[in-house]
Number of protein chains: 2
Amino acid sequence: MRYEFKRYLQENAEITEEQLKQLEGEIQKRVIEENKILLHSGEVCEHFYYVEEGLLRFYSIDEKGKENILEFAPEKWIVVDRASFYFNEPSEFYIDALEETTVAVLDKEFIDIASEISPQFRKYNERILQNHIRHLQNRINRLIGKSAEERYLHFIERYQDIPNRVPQRMIASYLGITPESLSRIRRELSHN
Amino acid sequence: MRYEFKRYLQENAEITEEQLKQLEGEIQKRVIEENKILLHSGEVCEHFYYVEEGLLRFYSIDEKGKENILEFAPEKWIVVDRASFYFNEPSEFYIDALEETTVAVLDKEFIDIASEISPQFRKYNERILQNHIRHLQNRINRLIGKSAEERYLHFIERYQDIPNRVPQRMIASYLGITPESLSRIRRELSHN
DNA sequence: CGCGTGATTGAAACCCTTCAAGTTTAGTGG
DNA sequence: CCACTAAACTTGAAGGGTTTCAATCACGCG
């Protein structure tokens, strides 16, 4: 397994073999079939999902039934509705699998124990939190300041593999435009 | 002072009088004149600014010179470019004062000491971080899923006092539209 | 009073959406 | 392997919504 969670923890949170043994029982591995929903709007998000292989998606559905994709989560990403997880509130979002996906499932217990036995993990956890904020902040900046075409170009530059793995309409959804608009933007871009 | 930082800390981070004394030297109070810039793009953001009175603004400026406002920070808010602060990178944003503003200025030292002497502060600090994520996430959801009119209605509902304190063109900037568009949206809304 | 800034309005252009119709693609079962 | 089907993508036309640019109006301040 290329992106196994344990190895990821060792490399990124400086967790030792020793500590891994203590945590082993708290890490649940699951294989999620394509299209399976892991979090429904209205539920409290009780888990972090670390993607070892596959692709998850974090999105909302509005009154008109339109899906709005906030995030794609390929290998090495962690998805969670932090607001719901942390504040114990019903989530307004969904998480599902766009491919058959193997995940490491982590709950509050895991976070608490890992934080307790490893100051490095605590730091790592804060780092991904800060990183998440940076990411969201930049995304907002592009949404209010850039055109759809610029946002698309940024997207394919930043997430090279995702365009090959998800339907184009989902990229449109991520960018905040319709599939038709994205199709036309792509046509324009290819015409030079 | 209605929203003095020390009182805020006592109420929200359960900091005691005792601990306040230890922290006093780390809290710098400043009065920022209107239009003064606290953080320039390209600088590393070294401080948290807690607004005791007045109004700050967090924004970027793009190649065309257009300002894109990510956040308004009235009383009781904390502004900081967390990405720059945490990762020690040059910021891509600006912070300035839209009114004469009194702030408590906090640096890394303050955060470190407060975290060390008070577990409550540590928790508080994580809480505002998580809250920040919730806020950004919801904002993105509205930007990709709602019309300009809906976003405007949400804005005036959520931030009742801000529309009276900032020029309308800045609200337009926050919403990601032009001042002219916002003017027309308001006209439409008033015509019923 | 006059100036400057911000808000409004109009007209044209542009971008994006909507709806409806094709076309292409991928997957399924024979 | 082909034929069929459903889903995804593309395209066109019409219509909104937004922007742009320019002009005008409203207001506060020196």
# chains A, B, ... in the order shown; residues from 1 in each chain; ligands from 1

$ interface_residues --of "chain B" --to "chain C" --cutoff "10 Å" --atoms "only C-alpha atoms (C1' of nucleotides)" --output "ChimeraX atom specification"
/B:167-169,179-180,183-184,187

$ interface_residues --of "chain D" --to "chain B" --cutoff "10 Å" --atoms "only C-alpha atoms (C1' of nucleotides)" --output "list in words"
DG17, DT18, DT19 and DT20 of chain D

$ write_last_selection --atoms "N, CA and C atoms (P, O5', C5', C4', C3', O3' and C1' of nucleotides)" --output "mmCIF file, in the first residue's frame"
data_model
loop_
_atom_site.group_PDB
_atom_site.id
_atom_site.type_symbol
_atom_site.label_atom_id
_atom_site.label_comp_id
_atom_site.auth_asym_id
_atom_site.auth_seq_id
_atom_site.Cartn_x
_atom_site.Cartn_y
_atom_site.Cartn_z
ATOM 1 P P DG D 17 -31.924 37.376 -13.526
ATOM 2 O "O5'" DG D 17 -30.347 37.532 -13.372
ATOM 3 C "C5'" DG D 17 -29.531 36.387 -13.286
ATOM 4 C "C4'" DG D 17 -28.095 36.806 -13.386
ATOM 5 C "C3'" DG D 17 -27.731 37.983 -12.467
ATOM 6 O "O3'" DG D 17 -26.555 37.588 -11.804
ATOM 7 C "C1'" DG D 17 -27.067 38.441 -14.695
ATOM 8 P P DT D 18 -25.958 38.436 -10.605
ATOM 9 O "O5'" DT D 18 -24.529 38.893 -11.132
ATOM 10 C "C5'" DT D 18 -24.219 38.682 -12.485
ATOM 11 C "C4'" DT D 18 -22.847 39.224 -12.810
ATOM 12 C "C3'" DT D 18 -22.372 40.425 -12.007
ATOM 13 O "O3'" DT D 18 -20.975 40.299 -11.768
ATOM 14 C "C1'" DT D 18 -22.705 41.023 -14.284
ATOM 15 P P DT D 19 -20.062 41.506 -11.364
ATOM 16 O "O5'" DT D 19 -19.589 42.101 -12.770
ATOM 17 C "C5'" DT D 19 -18.756 41.303 -13.605
ATOM 18 C "C4'" DT D 19 -18.292 42.121 -14.797
ATOM 19 C "C3'" DT D 19 -17.461 43.366 -14.457
ATOM 20 O "O3'" DT D 19 -16.308 43.340 -15.271
ATOM 21 C "C1'" DT D 19 -19.289 43.952 -15.853
ATOM 22 P P DT D 20 -15.110 44.322 -15.004
ATOM 23 O "O5'" DT D 20 -15.284 45.465 -16.098
ATOM 24 C "C5'" DT D 20 -15.521 45.106 -17.460
ATOM 25 C "C4'" DT D 20 -15.917 46.338 -18.238
ATOM 26 C "C3'" DT D 20 -15.207 47.626 -17.809
ATOM 27 O "O3'" DT D 20 -14.564 48.162 -18.944
ATOM 28 C "C1'" DT D 20 -17.555 47.962 -17.995
#

$ atom_distance --atom1 "CA of Glu100 in chain B" --atom2 "CA of Asn138 in chain A"
28.0 Å

$ closest_atom_pairs --of "chain A" --to "chain B" --cutoff "6 Å" --atoms "only C-alpha atoms" --output "Markdown table"
| residue | atom | partner | partner_atom | distance |
| --- | --- | --- | --- | --- |
| A:Ala83 | CA | B:Arg134 | CA | 5.0 |
| A:Arg134 | CA | B:Ala83 | CA | 5.0 |
| A:Ile144 | CA | B:Gly176 | CA | 4.1 |
| A:Gly176 | CA | B:Ile144 | CA | 4.1 |

$ select_by_dssp --residues "range 9-191 of chain A" --states "helix (DSSP H, G or I)" --output "ChimeraX atom specification"
/A:9-13,17-26,82-87,108-117,119-145,148-158,162-165,168-175,179-190
